file final_7.csv (CSV, C-alpha atoms)
chain,number,residue,atom,x,y,z
A,12,MET,CA,-14.1,29.7,18.6
A,13,ILE,CA,-13.2,26.5,20.4
A,14,PRO,CA,-16.1,25.1,22.5
A,15,ILE,CA,-15.3,25.5,26.2
A,16,ASP,CA,-15.8,21.8,27.1
A,17,LEU,CA,-13.3,20.7,24.4
A,18,ALA,CA,-10.8,23.2,25.7
A,19,ILE,CA,-11.2,22.0,29.3
A,20,LEU,CA,-11.0,18.4,28.2
A,21,THR,CA,-7.7,19.1,26.4
A,22,LEU,CA,-6.3,20.8,29.5
A,23,VAL,CA,-7.4,17.9,31.6
A,24,THR,CA,-5.5,15.5,29.4
A,25,ILE,CA,-2.4,17.7,29.4
A,26,SER,CA,-2.4,18.1,33.2
A,27,GLY,CA,-3.1,14.4,33.7
A,28,ILE,CA,0.0,13.5,31.6
A,29,GLY,CA,1.9,16.3,33.3
A,30,ALA,CA,1.2,14.9,36.7
A,31,LEU,CA,2.5,11.5,35.7
A,32,ALA,CA,5.6,12.9,33.9
A,33,ILE,CA,6.9,15.3,36.4
A,34,LYS,CA,9.8,13.9,38.5
A,35,ASP,CA,9.3,16.3,41.4
A,36,LEU,CA,6.6,14.8,43.6
A,37,LEU,CA,5.6,18.1,45.1
A,38,GLY,CA,5.2,19.5,41.6
A,39,ALA,CA,3.2,16.5,40.6
A,40,ALA,CA,0.8,17.0,43.6
A,41,ILE,CA,0.2,20.6,42.5
A,42,VAL,CA,-0.4,19.6,38.9
A,43,PHE,CA,-2.7,16.9,40.1
A,44,SER,CA,-4.6,19.6,42.0
A,45,ALA,CA,-4.9,21.6,38.8
A,46,TYR,CA,-6.2,18.4,37.1
A,47,SER,CA,-8.9,18.1,39.8
A,48,PHE,CA,-9.9,21.7,39.4
A,49,LEU,CA,-10.2,21.3,35.7
A,50,MET,CA,-12.3,18.2,36.2
A,51,CYS,CA,-14.5,20.2,38.6
A,52,LEU,CA,-15.0,22.8,35.8
A,53,ALA,CA,-15.9,19.9,33.4
A,54,TRP,CA,-18.5,18.6,35.9
A,55,ALA,CA,-20.0,22.0,36.3
A,56,ILE,CA,-20.3,22.4,32.5
A,57,MET,CA,-22.1,19.1,32.3
A,58,GLY,CA,-24.5,20.4,34.9
A,59,ALA,CA,-23.5,18.0,37.7
A,60,VAL,CA,-23.0,20.8,40.3
A,61,ASP,CA,-23.0,18.5,43.3
A,62,VAL,CA,-20.2,16.4,41.8
A,63,ALA,CA,-18.3,19.6,40.9
A,64,PHE,CA,-18.5,20.9,44.4
A,65,THR,CA,-17.2,17.6,45.9
A,66,GLU,CA,-14.4,17.5,43.3
A,67,ALA,CA,-13.4,21.1,44.2
A,68,ALA,CA,-13.5,20.4,48.0
A,69,VAL,CA,-12.0,16.9,48.1
A,70,GLY,CA,-10.0,16.6,44.9
A,71,ALA,CA,-8.5,20.0,44.6
A,72,GLY,CA,-8.4,20.8,48.2
A,73,VAL,CA,-8.0,18.1,50.8
A,74,SER,CA,-6.3,15.4,48.7
A,75,THR,CA,-3.6,17.9,47.6
A,76,ILE,CA,-2.9,18.7,51.2
A,77,PHE,CA,-2.6,15.0,52.0
A,78,CYS,CA,-0.2,14.6,49.1
A,79,VAL,CA,1.9,17.6,50.2
A,80,ALA,CA,1.9,16.2,53.8
A,81,ALA,CA,3.1,12.8,52.6
A,82,VAL,CA,5.8,14.4,50.4
A,83,PHE,CA,6.9,16.6,53.4
A,84,HIS,CA,7.7,13.4,55.4
A,85,THR,CA,9.2,11.3,52.6
A,86,THR,CA,11.0,12.5,49.6
A,87,ARG,CA,10.5,14.9,46.7
A,88,ARG,CA,12.3,12.8,44.2
A,89,THR,CA,10.7,9.8,42.4
A,90,LYS,CA,12.9,6.8,41.4
A,91,ASP,CA,11.1,6.1,38.0
B,13,MET,CA,8.5,-5.1,30.5
B,14,ARG,CA,7.7,-1.3,30.5
B,15,LEU,CA,7.2,-1.5,26.7
B,16,LEU,CA,4.8,-4.4,27.1
B,17,ALA,CA,2.8,-2.5,29.7
B,18,LEU,CA,2.7,0.6,27.5
B,19,ILE,CA,1.3,-1.5,24.6
B,20,ALA,CA,-1.3,-3.0,26.9
B,21,VAL,CA,-2.4,0.4,28.2
B,22,ILE,CA,-2.5,1.9,24.7
B,23,LEU,CA,-4.6,-1.0,23.4
B,24,THR,CA,-7.0,-1.0,26.3
B,25,GLY,CA,-7.3,2.8,26.2
B,26,GLY,CA,-7.8,2.8,22.5
B,27,LEU,CA,-10.5,0.2,22.7
B,28,ILE,CA,-12.4,2.1,25.4
B,29,ILE,CA,-12.1,5.4,23.4
B,30,PHE,CA,-13.2,3.6,20.2
B,31,GLN,CA,-16.3,2.2,22.0
B,32,THR,CA,-17.4,5.6,23.4
B,33,GLY,CA,-18.8,6.2,20.0
B,34,ALA,CA,-21.5,3.7,20.8
B,35,PHE,CA,-22.6,5.5,23.9
B,36,PRO,CA,-25.9,7.4,23.9
B,37,ASP,CA,-25.6,11.2,23.4
B,38,PHE,CA,-25.1,13.5,26.3
B,39,GLY,CA,-28.5,14.2,27.9
B,40,ASP,CA,-30.3,11.7,25.6
B,41,ALA,CA,-33.8,11.1,27.1
B,42,ASN,CA,-34.0,7.6,25.6
B,43,ALA,CA,-30.6,6.4,27.1
B,44,PRO,CA,-31.0,3.3,29.2
B,45,ALA,CA,-29.8,5.2,32.3
B,46,ASN,CA,-32.6,7.8,31.9
B,47,THR,CA,-35.5,5.5,31.2
B,48,TYR,CA,-35.6,3.3,34.3
B,49,LEU,CA,-35.3,5.0,37.8
B,50,SER,CA,-34.3,8.5,36.9
B,51,THR,CA,-37.7,9.4,35.6
B,52,TYR,CA,-39.3,8.3,38.8
B,53,TYR,CA,-36.9,10.4,40.9
B,54,LEU,CA,-37.4,13.4,38.7
B,55,GLU,CA,-41.2,13.1,38.8
B,56,HIS,CA,-41.8,12.1,42.4
B,57,GLY,CA,-38.6,13.4,44.1
B,58,GLN,CA,-39.9,16.7,45.3
B,59,ALA,CA,-43.4,15.4,46.2
B,60,ASP,CA,-41.9,12.5,48.2
B,61,THR,CA,-39.2,14.2,50.1
B,62,HIS,CA,-39.8,17.9,49.8
B,63,ALA,CA,-36.2,18.4,48.6
B,64,PRO,CA,-35.8,20.4,45.4
B,65,ASN,CA,-32.2,19.2,45.0
B,66,ILE,CA,-32.9,15.7,43.6
B,67,VAL,CA,-29.3,14.7,44.1
B,68,THR,CA,-29.6,15.1,47.8
B,69,SER,CA,-32.9,13.2,48.0
B,70,VAL,CA,-31.4,10.3,46.0
B,71,LEU,CA,-28.2,10.3,48.0
B,72,ALA,CA,-29.6,10.5,51.5
B,73,ASP,CA,-33.1,9.1,51.1
B,74,TYR,CA,-33.7,6.7,48.2
B,75,ARG,CA,-30.2,5.4,48.5
B,76,GLY,CA,-29.5,6.1,52.1
B,77,TYR,CA,-28.2,2.6,52.7
B,78,ASP,CA,-25.4,3.2,50.2
B,79,THR,CA,-24.5,6.6,51.7
B,80,MET,CA,-24.4,5.1,55.2
B,81,PHE,CA,-21.7,2.7,54.2
B,82,GLU,CA,-19.8,5.5,52.3
B,83,THR,CA,-19.7,7.3,55.7
B,84,THR,CA,-18.5,4.1,57.3
B,85,VAL,CA,-15.7,3.8,54.7
B,86,VAL,CA,-14.6,7.4,55.5
B,87,PHE,CA,-14.6,6.4,59.2
B,88,ALA,CA,-12.6,3.2,58.4
B,89,ALA,CA,-10.1,5.3,56.4
B,90,GLY,CA,-9.5,7.6,59.4
B,91,LEU,CA,-9.0,4.6,61.7
B,92,ALA,CA,-6.7,2.9,59.2
B,93,CYS,CA,-4.5,6.0,59.1
B,94,PHE,CA,-4.5,6.1,62.9
B,95,PHE,CA,-3.4,2.4,63.2
B,96,LEU,CA,-0.8,2.7,60.6
B,97,LEU,CA,0.8,6.0,61.4
B,98,ARG,CA,0.3,6.9,65.1
B,99,ARG,CA,3.3,6.7,67.3
B,100,LYS,CA,3.8,7.5,71.0
B,101,LYS,CA,5.5,10.7,71.7
B,102,VAL,CA,9.0,10.1,73.0
B,103,PRO,CA,9.9,12.7,75.5
B,104,GLY,CA,13.1,14.6,74.6
B,105,GLY,CA,15.4,13.2,72.0
B,106,GLU,CA,15.3,16.1,69.6
B,107,PRO,CA,16.2,19.8,70.2
B,108,ARG,CA,13.4,22.2,70.5
B,109,ILE,CA,13.2,25.8,69.2
B,110,TYR,CA,11.5,28.6,71.0
B,111,ARG,CA,10.9,32.2,70.0
B,112,HIS,CA,11.1,34.9,72.7
B,113,MET,CA,8.1,37.0,71.7
B,114,PRO,CA,9.1,40.4,73.1
B,115,THR,CA,12.5,40.5,71.4
B,116,GLY,CA,11.9,38.1,68.5
B,117,ILE,CA,15.1,36.2,69.4
B,118,THR,CA,15.0,32.5,68.5
B,119,LEU,CA,16.4,30.0,71.1
B,120,ARG,CA,17.5,26.4,70.4
B,121,ILE,CA,17.2,24.3,73.5
B,122,ALA,CA,19.2,21.1,73.2
B,123,ASP,CA,17.9,17.7,74.5
B,124,GLY,CA,17.8,17.8,78.3
B,125,GLY,CA,17.8,21.6,78.6
B,126,LYS,CA,15.3,23.5,80.7
B,127,LEU,CA,12.1,24.1,78.7
B,128,PRO,CA,9.7,26.9,79.2
B,129,ALA,CA,6.1,26.2,80.4
B,130,GLU,CA,3.8,24.7,77.7
B,131,ASP,CA,1.4,27.6,77.8
B,132,SER,CA,4.0,30.4,78.2
B,133,GLU,CA,3.1,33.7,76.5
B,134,VAL,CA,6.7,34.9,76.5
B,135,PHE,CA,8.2,31.9,74.8
B,136,ARG,CA,6.4,30.4,71.8
B,137,ARG,CA,7.5,27.0,70.5
B,138,LEU,CA,8.4,26.8,66.8
B,139,ASP,CA,8.9,23.9,64.5
B,140,THR,CA,12.5,22.8,64.0
B,141,GLU,CA,12.2,23.7,60.3
B,142,PHE,CA,12.8,27.4,59.8
B,143,VAL,CA,9.6,29.4,60.4
B,144,PRO,CA,9.6,33.1,59.6
B,145,GLN,CA,7.3,35.6,61.3
B,146,GLN,CA,4.2,35.3,59.2
B,147,LEU,CA,2.0,38.0,60.6
B,148,ILE,CA,0.0,38.7,57.4
B,149,ILE,CA,-0.6,35.0,56.7
B,150,LYS,CA,-1.7,34.3,60.3
B,151,ASN,CA,-4.1,37.3,60.5
B,152,THR,CA,-5.6,36.7,57.1
B,153,CYS,CA,-6.3,33.1,58.0
B,154,ARG,CA,-7.7,34.2,61.3
B,155,ILE,CA,-10.2,36.4,59.5
B,156,VAL,CA,-11.0,33.9,56.7
B,157,ILE,CA,-11.6,30.8,58.9
B,158,PRO,CA,-14.9,31.9,60.5
B,159,PHE,CA,-16.4,32.6,57.1
B,160,ILE,CA,-15.3,29.2,55.8
B,161,GLN,CA,-17.0,27.6,58.8
B,162,ILE,CA,-20.2,29.7,58.3
B,163,PHE,CA,-20.3,28.7,54.6
B,164,ALA,CA,-19.7,25.1,55.6
B,165,LEU,CA,-22.7,25.2,57.9
B,166,TYR,CA,-24.8,26.8,55.2
B,167,VAL,CA,-23.7,24.0,52.8
B,168,ILE,CA,-24.8,21.3,55.2
B,169,ALA,CA,-28.1,23.0,56.2
B,170,HIS,CA,-29.0,23.9,52.6
B,171,GLY,CA,-28.2,20.5,51.1
B,172,HIS,CA,-31.9,20.0,50.2
B,173,TYR,CA,-32.1,23.3,48.2
B,174,SER,CA,-28.7,23.9,46.7
B,175,PRO,CA,-25.7,21.9,45.7
B,176,GLY,CA,-23.9,20.5,48.8
B,177,GLY,CA,-24.6,18.4,51.8
B,178,GLY,CA,-22.9,16.5,54.5
B,179,PHE,CA,-19.8,15.4,52.6
B,180,GLN,CA,-19.0,18.8,51.1
B,181,GLY,CA,-19.8,20.7,54.3
B,182,GLY,CA,-17.7,18.3,56.4
B,183,VAL,CA,-14.8,18.7,54.1
B,184,LEU,CA,-15.1,22.5,54.3
B,185,LEU,CA,-15.2,22.4,58.1
B,186,ALA,CA,-12.1,20.1,58.1
B,187,ALA,CA,-10.4,22.5,55.7
B,188,SER,CA,-10.9,25.4,58.1
B,189,ILE,CA,-9.1,23.5,60.9
B,190,ILE,CA,-6.4,22.4,58.5
B,191,LEU,CA,-5.9,26.0,57.4
B,192,TYR,CA,-5.5,26.9,61.0
B,193,ALA,CA,-2.9,24.1,61.5
B,194,ILE,CA,-1.0,25.3,58.5
B,195,SER,CA,-1.1,29.0,59.2
B,196,HIS,CA,-0.3,28.7,62.9
B,197,ASP,CA,1.1,25.4,64.0
B,198,LEU,CA,-0.1,21.8,64.5
B,199,ARG,CA,0.1,21.9,68.3
B,200,ARG,CA,-2.3,24.8,68.5
B,201,ALA,CA,-4.8,23.1,66.1
B,202,ILE,CA,-4.6,20.0,68.2
B,203,ARG,CA,-5.2,22.0,71.4
B,204,ARG,CA,-8.4,23.3,69.8
B,205,PHE,CA,-9.6,20.1,68.1
B,206,SER,CA,-7.9,17.2,69.8
B,207,GLU,CA,-7.4,13.7,68.7
B,208,LYS,CA,-10.0,12.5,71.2
B,209,THR,CA,-12.6,15.0,69.9
B,210,ALA,CA,-11.9,13.8,66.3
B,211,ALA,CA,-12.3,10.1,67.3
B,212,LEU,CA,-15.5,10.8,69.3
B,213,MET,CA,-17.0,13.1,66.6
B,214,GLY,CA,-16.3,10.5,63.9
B,215,SER,CA,-18.0,7.7,65.8
B,216,LEU,CA,-20.8,10.0,66.7
B,217,GLY,CA,-21.4,10.9,63.1
B,218,VAL,CA,-21.7,7.3,62.0
B,219,LEU,CA,-23.9,6.6,65.1
B,220,ILE,CA,-26.2,9.4,64.1
B,221,TYR,CA,-26.6,8.0,60.7
B,222,ALA,CA,-27.0,4.3,61.7
B,223,GLY,CA,-29.1,5.4,64.7
B,224,THR,CA,-31.6,7.2,62.6
B,225,GLY,CA,-32.0,4.1,60.5
B,226,ALA,CA,-32.4,2.0,63.6
B,227,LEU,CA,-34.9,4.4,65.1
B,228,CYS,CA,-37.0,4.0,61.9
B,229,LEU,CA,-36.8,0.3,62.5
B,230,LEU,CA,-38.0,0.7,66.1
B,231,MET,CA,-40.9,2.8,64.9
B,232,GLY,CA,-42.1,-0.1,62.8
B,233,ALA,CA,-40.9,0.9,59.3
B,234,ASN,CA,-37.9,-0.3,57.1
B,235,PHE,CA,-34.3,0.7,58.0
B,236,LEU,CA,-33.8,4.4,57.0
B,237,ASN,CA,-37.4,4.9,56.0
B,238,TYR,CA,-37.7,8.4,57.5
B,239,LYS,CA,-41.4,8.4,57.1
B,240,ALA,CA,-41.6,6.5,60.4
B,241,LEU,CA,-40.1,9.5,62.2
B,242,ALA,CA,-43.1,11.7,61.5
B,243,PRO,CA,-44.8,11.3,65.0
B,244,LEU,CA,-41.4,11.9,66.7
B,245,LEU,CA,-40.7,15.1,64.7
B,246,GLY,CA,-44.3,16.3,64.8
B,247,VAL,CA,-44.7,16.8,61.1
B,248,ASP,CA,-46.3,14.9,58.2
B,249,ALA,CA,-44.6,12.0,56.4
B,250,VAL,CA,-43.1,14.1,53.5
B,251,MET,CA,-41.6,16.7,55.9
B,252,ALA,CA,-40.3,13.8,58.0
B,253,ARG,CA,-38.3,12.5,55.1
B,254,SER,CA,-37.0,16.0,54.5
B,255,HIS,CA,-35.9,16.3,58.1
B,256,GLY,CA,-34.6,12.8,58.1
B,257,ILE,CA,-32.3,13.8,55.2
B,258,LEU,CA,-31.0,16.7,57.2
B,259,ILE,CA,-30.3,14.6,60.3
B,260,VAL,CA,-28.4,12.1,58.3
B,261,GLU,CA,-26.4,14.8,56.5
B,262,ILE,CA,-25.4,16.2,59.9
B,263,GLY,CA,-24.1,12.8,60.8
B,264,VAL,CA,-22.2,12.5,57.6
B,265,ALA,CA,-20.7,16.0,58.1
B,266,PHE,CA,-19.5,15.0,61.6
B,267,ALA,CA,-17.9,11.9,60.4
B,268,VAL,CA,-16.2,13.4,57.4
B,269,MET,CA,-14.9,16.5,59.2
B,270,ALA,CA,-13.4,14.5,62.1
B,271,MET,CA,-11.8,11.9,59.9
B,272,ILE,CA,-10.2,14.3,57.5
B,273,ILE,CA,-8.8,16.3,60.3
B,274,TRP,CA,-7.5,13.2,62.0
B,275,ILE,CA,-5.9,11.9,58.8
B,276,TYR,CA,-4.3,15.3,58.4
B,277,TYR,CA,-2.9,15.2,61.9
B,278,ASN,CA,-1.4,11.8,61.4
B,279,LEU,CA,-0.1,12.4,57.9
B,280,SER,CA,1.5,15.8,58.5
B,281,SER,CA,3.3,14.9,61.7
B,282,ALA,CA,4.2,11.3,60.8
B,283,GLY,CA,2.0,10.1,63.6
B,284,LYS,CA,3.8,12.1,66.4
B,285,HIS,CA,1.3,14.9,66.6
B,286,ASP,CA,4.1,17.2,67.6
B,287,GLU,CA,5.6,19.1,64.7
B,288,GLY,CA,3.8,19.2,61.4
B,289,LEU,CA,3.4,20.9,58.1

call {"tool": "encode", "arguments": {"input": "final_7.csv", "output": "structure tokens"}}
result
Amino acid sequence: MIPIDLAILTLVTISGIGALAIKDLLGAAIVFSAYSFLMCLAWAIMGAVDVAFTEAAVGAGVSTIFCVAAVFHTTRRTKD
Amino acid sequence: MRLLALIAVILTGGLIIFQTGAFPDFGDANAPANTYLSTYYLEHGQADTHAPNIVTSVLADYRGYDTMFETTVVFAAGLACFFLLRRKKVPGGEPRIYRHMPTGITLRIADGGKLPAEDSEVFRRLDTEFVPQQLIIKNTCRIVIPFIQIFALYVIAHGHYSPGGGFQGGVLLAASIILYAISHDLRRAIRRFSEKTAALMGSLGVLIYAGTGALCLLMGANFLNYKALAPLLGVDAVMARSHGILIVEIGVAFAVMAMIIWIYYNLSSAGKHDEGL
């Protein structure tokens, strides 16, 4: 049985690398949102519920909307 | 160059990860961070401020000065987005699309054509990007939004007792308006919560916070020492600190809510406040 914090930490790393590697910026915004949500779970496991709440509201919620809004008015493709 | 950067990143990251071994264990009572101030907060927090959630009492009372400037930073971010992105609306120039509600026919009115009245019930303006009839989405959001707002108010009011507070509650309130803007359209959201309201509410939030501090100063105590408010609120010193936290959290919620909505308006419509996400 894998400890849950280790499993979440692995997923955080994977989604972090994924958000950097994806060429489609809209996809990157969504993966980054998943990263934020996993970080929120990690905070909650560590007992920092206030931080987890903020991470869920700001990181996974609002900042994703801002990213999507920015992509909506610029371009979905990245150059590098 | 990229290879060089990669090597630098791997070296730095490796060093940092290598050094984490020297950190104190998670939850170690003898760790330097837990031996200095934390013990004081944990032992005296509730007796001092009557707030079972120590995080809130540290955030809004013991370190209120820090949080005041965090609020100011949020306010400054909103203003920066406004100054960078906001453009004046140029009348005409682009075709507009209207839907005739009784028949569901979509009309495209070219630049210079006769436009229906702004508040017409028969013709409803659509974004120029294709928008299907989203009856289910619209009605679901209409049902959900009040509950989000009630929950946000709960989060603000119960910041002392449960996780949450001004920042989280403000973000939730902002999210409810953003949800409205996404599920309906940006113009309607702006009609309900205008740019002017956002600017005023944001400033008011920062004013409530700084004003509470200044009031303490006027009452003869240090800046943001809520104990001084006890005669004004008609309670003892401990409860005054508890109420002071609540007042300050409301200020934070105002500022955060208004600024996030304002940033969203500017970002999603490229500063035109006309057609958005």

call {"tool": "interface_residues", "arguments": {"input": "final_7.csv", "of": "chain B", "to": "chain A", "cutoff": "12 Å", "atoms": "all atoms listed in the file", "output": "JSON, numbers by chain"}}
result
{"B": [14, 38, 39, 65, 66, 67, 68, 71, 93, 97, 141, 160, 164, 167, 171, 172, 173, 174, 175, 176, 177, 178, 179, 180, 181, 182, 183, 184, 185, 186, 187, 188, 189, 190, 191, 193, 194, 268, 269, 271, 272, 273, 274, 275, 276, 277, 278, 279, 280, 281, 282, 283, 284, 287, 288, 289]}

call {"tool": "atom_distance", "arguments": {"input": "final_7.csv", "atom1": "atom CA of A:Thr86", "atom2": "atom CA of A:Ile25"}}
result
24.8 Å

call {"tool": "residues_around", "arguments": {"input": "final_7.csv", "residues": "B:Val70", "least_positions_apart": "4", "cutoff": "12 Å", "atoms": "all atoms listed in the file", "output": "mmCIF file with C-alpha atoms, in the coordinates of the input"}}
result
data_model
loop_
_atom_site.group_PDB
_atom_site.id
_atom_site.type_symbol
_atom_site.label_atom_id
_atom_site.label_comp_id
_atom_site.auth_asym_id
_atom_site.auth_seq_id
_atom_site.Cartn_x
_atom_site.Cartn_y
_atom_site.Cartn_z
ATOM 1 C CA LEU B 49 -35.300 5.000 37.800
ATOM 2 C CA SER B 50 -34.300 8.500 36.900
ATOM 3 C CA TYR B 52 -39.300 8.300 38.800
ATOM 4 C CA TYR B 53 -36.900 10.400 40.900
ATOM 5 C CA LEU B 54 -37.400 13.400 38.700
ATOM 6 C CA HIS B 56 -41.800 12.100 42.400
ATOM 7 C CA GLY B 57 -38.600 13.400 44.100
ATOM 8 C CA GLN B 58 -39.900 16.700 45.300
ATOM 9 C CA ASP B 60 -41.900 12.500 48.200
ATOM 10 C CA THR B 61 -39.200 14.200 50.100
ATOM 11 C CA HIS B 62 -39.800 17.900 49.800
ATOM 12 C CA ALA B 63 -36.200 18.400 48.600
ATOM 13 C CA PRO B 64 -35.800 20.400 45.400
ATOM 14 C CA ASN B 65 -32.200 19.200 45.000
ATOM 15 C CA ILE B 66 -32.900 15.700 43.600
ATOM 16 C CA TYR B 74 -33.700 6.700 48.200
ATOM 17 C CA ARG B 75 -30.200 5.400 48.500
ATOM 18 C CA GLY B 76 -29.500 6.100 52.100
ATOM 19 C CA TYR B 77 -28.200 2.600 52.700
ATOM 20 C CA ASP B 78 -25.400 3.200 50.200
ATOM 21 C CA THR B 79 -24.500 6.600 51.700
ATOM 22 C CA GLY B 171 -28.200 20.500 51.100
ATOM 23 C CA HIS B 172 -31.900 20.000 50.200
ATOM 24 C CA ARG B 253 -38.300 12.500 55.100
ATOM 25 C CA SER B 254 -37.000 16.000 54.500
ATOM 26 C CA ILE B 257 -32.300 13.800 55.200
#

call {"tool": "residues_around", "arguments": {"input": "final_7.csv", "residues": "A:Leu52", "least_positions_apart": "4", "cutoff": "8 Å", "atoms": "all atoms listed in the file", "output": "list in words"}}
result
Ile19, Phe48, Ile56 and Ala63 of chain A

call {"tool": "atom_distance", "arguments": {"input": "final_7.csv", "atom1": "atom CA of B:Ala222", "atom2": "atom CA of B:Ala169"}}
result
19.5 Å

call {"tool": "atom_distance", "arguments": {"input": "final_7.csv", "atom1": "atom CA of B:Asp73", "atom2": "atom CA of B:Phe35"}}
result
29.4 Å

call {"tool": "residues_around", "arguments": {"input": "final_7.csv", "residues": "A:Lys90", "least_positions_apart": "6", "cutoff": "12 Å", "atoms": "only C-alpha atoms", "output": "ChimeraX atom specification"}}
result
/A:33-36

call {"tool": "closest_residue", "arguments": {"input": "final_7.csv", "among": "A:Gly27, A:Ala55, A:Ala39, A:Tyr46", "to": "A:Ile15", "atoms": "only C-alpha atoms"}}
result
A:Ala55

call {"tool": "decode", "arguments": {"input": "final_7.csv", "residues": "stretch 125-136 of chain B", "atoms": "N, CA and C atoms", "output": "PDB file, in the first residue's frame"}}
result
ATOM      1  N   GLY B 125     -25.673  49.424 -39.280  1.00  0.00           N
ATOM      2  CA  GLY B 125     -27.067  49.011 -39.367  1.00  0.00           C
ATOM      3  C   GLY B 125     -27.865  49.482 -38.166  1.00  0.00           C
ATOM      4  N   LYS B 126     -29.195  49.332 -38.250  1.00  0.00           N
ATOM      5  CA  LYS B 126     -30.046  49.786 -37.150  1.00  0.00           C
ATOM      6  C   LYS B 126     -30.029  48.732 -36.042  1.00  0.00           C
ATOM      7  N   LEU B 127     -29.656  49.121 -34.834  1.00  0.00           N
ATOM      8  CA  LEU B 127     -29.533  48.184 -33.713  1.00  0.00           C
ATOM      9  C   LEU B 127     -30.781  48.250 -32.851  1.00  0.00           C
ATOM     10  N   PRO B 128     -31.213  47.100 -32.307  1.00  0.00           N
ATOM     11  CA  PRO B 128     -32.342  47.133 -31.373  1.00  0.00           C
ATOM     12  C   PRO B 128     -31.955  47.818 -30.067  1.00  0.00           C
ATOM     13  N   ALA B 129     -32.958  48.161 -29.261  1.00  0.00           N
ATOM     14  CA  ALA B 129     -32.689  48.848 -27.994  1.00  0.00           C
ATOM     15  C   ALA B 129     -31.842  47.967 -27.084  1.00  0.00           C
ATOM     16  N   GLU B 130     -31.066  48.598 -26.229  1.00  0.00           N
ATOM     17  CA  GLU B 130     -30.102  47.890 -25.373  1.00  0.00           C
ATOM     18  C   GLU B 130     -30.797  46.896 -24.435  1.00  0.00           C
ATOM     19  N   ASP B 131     -31.979  47.294 -23.908  1.00  0.00           N
ATOM     20  CA  ASP B 131     -32.662  46.441 -22.928  1.00  0.00           C
ATOM     21  C   ASP B 131     -33.848  45.708 -23.551  1.00  0.00           C
ATOM     22  N   SER B 132     -33.803  45.489 -24.867  1.00  0.00           N
ATOM     23  CA  SER B 132     -34.923  44.845 -25.553  1.00  0.00           C
ATOM     24  C   SER B 132     -35.073  43.392 -25.100  1.00  0.00           C
ATOM     25  N   GLU B 133     -36.319  42.979 -24.848  1.00  0.00           N
ATOM     26  CA  GLU B 133     -36.570  41.602 -24.431  1.00  0.00           C
ATOM     27  C   GLU B 133     -36.697  40.684 -25.649  1.00  0.00           C
ATOM     28  N   VAL B 134     -37.036  41.269 -26.795  1.00  0.00           N
ATOM     29  CA  VAL B 134     -37.254  40.464 -28.004  1.00  0.00           C
ATOM     30  C   VAL B 134     -35.926  40.099 -28.656  1.00  0.00           C
ATOM     31  N   PHE B 135     -35.046  41.069 -28.758  1.00  0.00           N
ATOM     32  CA  PHE B 135     -33.732  40.822 -29.345  1.00  0.00           C
ATOM     33  C   PHE B 135     -32.690  40.757 -28.245  1.00  0.00           C
ATOM     34  N   ARG B 136     -31.943  39.663 -28.217  1.00  0.00           N
ATOM     35  CA  ARG B 136     -30.900  39.553 -27.203  1.00  0.00           C
ATOM     36  C   ARG B 136     -29.546  39.513 -27.895  1.00  0.00           C
TER      37      ARG B 136
END
